[in-house]
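Written below as structure tokens is the structure these notes are about.
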Amino acid sequence: MTHKLLLVDDEPFNLELMTELLEDAGYQTLQAENGEQAWQILQEQGHSLSAVLLDKMMPGLSGFDVLKRMKATPDLDFLPVILQTAISSPASVQEGMEAGAFYYLTKPFSRDMLLAVVEAALSHWLRHQAFREIAKQQLDALNHLQKAEFRLRTHKEAQTVTALLARTAPQPERAATGLFELLVNAIEHGNLAIPYQEKTHLQGEGLWEEELERRLSDPVLGLRAVSVSFERQLHALSFVIEDMGDGFDWRQYLENETASMLSSHGRGILIARKLSFDWMEYRGKGNIVAAGIAL
């Protein structure tokens, strides 16, 4: 599948540079030199796009204004937006995040950072599309599910459980995004004991998939399982996920949102909390996370 990206920047040099780098990497691109042109393209071709790289500060209709319009449009509200900005202050990042942007590029950026952030945004989009298709399936019996428990080890098993449990929620694709992020964290950073910094290094060296398979085959780590419990309560759906790892300092990922937004990965907790669940909390040493969706 070839992804089509919309690139928006009022600086011709920046637009030309991004186009060249992304097309060399195999992506199709559309270009807009201002917010008004970008909004017109989004209305006409938004259904064919996989992500938008949006300059935050532009005269007239700013990138921030375009983002707010997208989030108010049902057909565009889940399209990943990568905000480009020369200002990476906590206040600026918080403003963009509250508006719905979960990906940031701070100018000037390197080729590797550009491609890494685009890849992260596209992974998010592909998962959303997959869960959206699953959500269309007629599984009405799940609306009557009261309690359930699951145990899983791999990403594939996590995807299967996510697809099933998401059907219990009023907006399945939104629930699926957060559930899958939390399950992946439990597998990778919990059971398989892969530190955040090591994942960054492995991805940069192109060794991430190999290391993941190696740890899943490990006679000790590979036998660890993630448990997932579901309960339908009177006014909410409750999900509790527990891994067999040593826990982690989850506070830094909830409190230091700016750092998560400006990195190439590691925003899963943030996405789950902001996008999918009405409440979320880590318990004990951090190997248990509970989340809920209001009914």
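Chain lettering (A, B, ...) mirrors the order of the structure tokens, residue numbering begins at 1 for each chain separately, and ligand numbering begins at 1 in order of display.
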Problem set entry | Residues near segment 245-247 of chain A, cut-off 7 Å, only C-alpha atoms, skip fewer than 3 positions along chain, as number ranges by chain | A: 190-191, 193, 285-287
For this session: Check segment 164-210 of chain A with DSSP on the backbone and list each residue it calls alpha helix (DSSP H), as a PyMOL selection string.
Result: chain A and resi 164-166+172-185+196-205+208-210
Exercise. Leaving out His155 of chain A and any residue of its chain fewer than 6 positions from it, which residues lie within 12 Å of it when counting only C-alpha atoms, given as number ranges by chain?
Worked result: A: 161-162, 179-188, 192, 209, 212-213, 216, 225-226
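Closest approach to Leu152 of chain A among A:Val228, A:Leu17, A:Leu7, A:Ala176: A:Val228, based on only C-alpha atoms.
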For this session: With a distance cut-off of 10 Å and only C-alpha atoms, select the neighbouring residues of Met58 of chain A, excluding the residue or stretch itself and same-chain residues fewer than 3 positions from it, and output the selection as a VMD selection string.
Result: chain A and resid 8 to 11 33 to 35 54 to 55 61 to 65
Exercise. When you draw a straight line from atom CA of Leu145 of chain A to atom CA of Met280 of chain A, how long is it in Å?
Worked result: 21.4 Å
Exercise. Per DSSP on the backbone, what are the strand (DSSP E) residues of segment 84-256 of chain A, as a list in words?
Worked result: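 Of segment 84-256 of chain A, only Gln84, Thr85, Tyr103, Tyr104, Leu105, Thr106, Lys147, Ala148, Glu149, Phe150, Arg151, Leu152, Val226, Ser227, Val228, Ser229, Phe230, Glu231, Arg232, Ala236, Leu237, Ser238, Phe239, Val240, Ile241 and Glu242 of chain A fall in strand (DSSP E).
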Any chance you could export the current selection's N, CA and C atoms as a PDB file, in the first residue's frame?
ATOM      1  N   GLN A  84       4.215  20.868  12.431  1.00  0.00           N
ATOM      2  CA  GLN A  84       5.573  21.383  12.306  1.00  0.00           C
ATOM      3  C   GLN A  84       5.628  22.745  12.990  1.00  0.00           C
ATOM      4  N   THR A  85       6.619  22.918  13.839  1.00  0.00           N
ATOM      5  CA  THR A  85       6.729  24.187  14.550  1.00  0.00           C
ATOM      6  C   THR A  85       8.183  24.463  14.890  1.00  0.00           C
ATOM      7  N   TYR A 103       1.519  14.189  17.079  1.00  0.00           N
ATOM      8  CA  TYR A 103       2.836  14.056  16.455  1.00  0.00           C
ATOM      9  C   TYR A 103       3.378  15.454  16.170  1.00  0.00           C
ATOM     10  N   TYR A 104       4.659  15.658  16.504  1.00  0.00           N
ATOM     11  CA  TYR A 104       5.295  16.961  16.350  1.00  0.00           C
ATOM     12  C   TYR A 104       6.613  16.824  15.613  1.00  0.00           C
ATOM     13  N   LEU A 105       6.931  17.811  14.811  1.00  0.00           N
ATOM     14  CA  LEU A 105       8.257  17.958  14.214  1.00  0.00           C
ATOM     15  C   LEU A 105       8.752  19.357  14.535  1.00  0.00           C
ATOM     16  N   THR A 106       9.883  19.442  15.201  1.00  0.00           N
ATOM     17  CA  THR A 106      10.456  20.733  15.530  1.00  0.00           C
ATOM     18  C   THR A 106      11.457  21.128  14.452  1.00  0.00           C
ATOM     19  N   LYS A 147     -18.846  -9.788  31.546  1.00  0.00           N
ATOM     20  CA  LYS A 147     -17.493  -9.960  32.057  1.00  0.00           C
ATOM     21  C   LYS A 147     -16.714 -10.884  31.134  1.00  0.00           C
ATOM     22  N   ALA A 148     -15.393 -10.653  31.077  1.00  0.00           N
ATOM     23  CA  ALA A 148     -14.537 -11.531  30.276  1.00  0.00           C
ATOM     24  C   ALA A 148     -13.103 -11.397  30.758  1.00  0.00           C
ATOM     25  N   GLU A 149     -12.336 -12.486  30.587  1.00  0.00           N
ATOM     26  CA  GLU A 149     -10.914 -12.464  30.919  1.00  0.00           C
ATOM     27  C   GLU A 149     -10.131 -13.127  29.792  1.00  0.00           C
ATOM     28  N   PHE A 150      -8.960 -12.567  29.497  1.00  0.00           N
ATOM     29  CA  PHE A 150      -8.114 -13.075  28.431  1.00  0.00           C
ATOM     30  C   PHE A 150      -6.659 -13.111  28.905  1.00  0.00           C
ATOM     31  N   ARG A 151      -5.880 -13.988  28.285  1.00  0.00           N
ATOM     32  CA  ARG A 151      -4.438 -14.016  28.482  1.00  0.00           C
ATOM     33  C   ARG A 151      -3.793 -14.060  27.102  1.00  0.00           C
ATOM     34  N   LEU A 152      -2.741 -13.280  26.928  1.00  0.00           N
ATOM     35  CA  LEU A 152      -2.110 -13.193  25.611  1.00  0.00           C
ATOM     36  C   LEU A 152      -0.618 -12.945  25.753  1.00  0.00           C
ATOM     37  N   VAL A 226       0.153 -11.512  29.349  1.00  0.00           N
ATOM     38  CA  VAL A 226      -0.590 -10.330  29.780  1.00  0.00           C
ATOM     39  C   VAL A 226      -2.026 -10.766  30.043  1.00  0.00           C
ATOM     40  N   SER A 227      -2.562 -10.385  31.181  1.00  0.00           N
ATOM     41  CA  SER A 227      -3.962 -10.690  31.483  1.00  0.00           C
ATOM     42  C   SER A 227      -4.813  -9.445  31.266  1.00  0.00           C
ATOM     43  N   VAL A 228      -5.989  -9.655  30.705  1.00  0.00           N
ATOM     44  CA  VAL A 228      -6.920  -8.569  30.419  1.00  0.00           C
ATOM     45  C   VAL A 228      -8.279  -8.954  30.985  1.00  0.00           C
ATOM     46  N   SER A 229      -8.845  -8.090  31.796  1.00  0.00           N
ATOM     47  CA  SER A 229     -10.191  -8.337  32.305  1.00  0.00           C
ATOM     48  C   SER A 229     -11.117  -7.208  31.869  1.00  0.00           C
ATOM     49  N   PHE A 230     -12.341  -7.589  31.544  1.00  0.00           N
ATOM     50  CA  PHE A 230     -13.360  -6.636  31.092  1.00  0.00           C
ATOM     51  C   PHE A 230     -14.597  -6.789  31.957  1.00  0.00           C
ATOM     52  N   GLU A 231     -15.228  -5.662  32.286  1.00  0.00           N
ATOM     53  CA  GLU A 231     -16.489  -5.708  33.021  1.00  0.00           C
ATOM     54  C   GLU A 231     -17.392  -4.567  32.565  1.00  0.00           C
ATOM     55  N   ARG A 232     -18.637  -4.923  32.288  1.00  0.00           N
ATOM     56  CA  ARG A 232     -19.634  -3.908  31.948  1.00  0.00           C
ATOM     57  C   ARG A 232     -20.345  -3.498  33.227  1.00  0.00           C
ATOM     58  N   ALA A 236     -20.412   2.467  32.900  1.00  0.00           N
ATOM     59  CA  ALA A 236     -19.079   2.490  32.290  1.00  0.00           C
ATOM     60  C   ALA A 236     -18.631   1.085  31.902  1.00  0.00           C
ATOM     61  N   LEU A 237     -17.695   1.046  30.988  1.00  0.00           N
ATOM     62  CA  LEU A 237     -16.967  -0.176  30.651  1.00  0.00           C
ATOM     63  C   LEU A 237     -15.603  -0.093  31.333  1.00  0.00           C
ATOM     64  N   SER A 238     -15.193  -1.171  31.977  1.00  0.00           N
ATOM     65  CA  SER A 238     -13.928  -1.185  32.711  1.00  0.00           C
ATOM     66  C   SER A 238     -12.973  -2.207  32.112  1.00  0.00           C
ATOM     67  N   PHE A 239     -11.727  -1.806  31.914  1.00  0.00           N
ATOM     68  CA  PHE A 239     -10.683  -2.683  31.385  1.00  0.00           C
ATOM     69  C   PHE A 239      -9.499  -2.649  32.355  1.00  0.00           C
ATOM     70  N   VAL A 240      -8.976  -3.805  32.719  1.00  0.00           N
ATOM     71  CA  VAL A 240      -7.792  -3.880  33.572  1.00  0.00           C
ATOM     72  C   VAL A 240      -6.766  -4.778  32.884  1.00  0.00           C
ATOM     73  N   ILE A 241      -5.573  -4.252  32.684  1.00  0.00           N
ATOM     74  CA  ILE A 241      -4.495  -4.956  31.983  1.00  0.00           C
ATOM     75  C   ILE A 241      -3.328  -5.120  32.947  1.00  0.00           C
ATOM     76  N   GLU A 242      -2.834  -6.343  33.074  1.00  0.00           N
ATOM     77  CA  GLU A 242      -1.728  -6.622  33.996  1.00  0.00           C
ATOM     78  C   GLU A 242      -0.667  -7.454  33.301  1.00  0.00           C
TER      79      GLU A 242
END
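Once segment 70-75 of chain A and its same-chain neighbours fewer than 4 positions away are set aside, Trp39, Leu42, Gly46, His47, Asp65, Val66, Leu79, Ala99 and Gly100 of chain A remain within 9 Å of it when counting only C-alpha atoms.
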For this session: Please indicate the distance in Å from atom CA of Leu126 of chain A to atom CA of Ile194 of chain A, rounded to one decimal place.
Result: 23.8 Å
Exercise. Could you name the residues that touch segment 268-277 of chain A at 6 Å or less, counting only C-alpha atoms, but leaving out those on the same chain fewer than 5 positions away, as a list in words?
Worked result: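 Once the nearby chain positions are removed, what remains is Arg174, Ala175, Gly178, Glu181, Gly292 and Ile293 of chain A.
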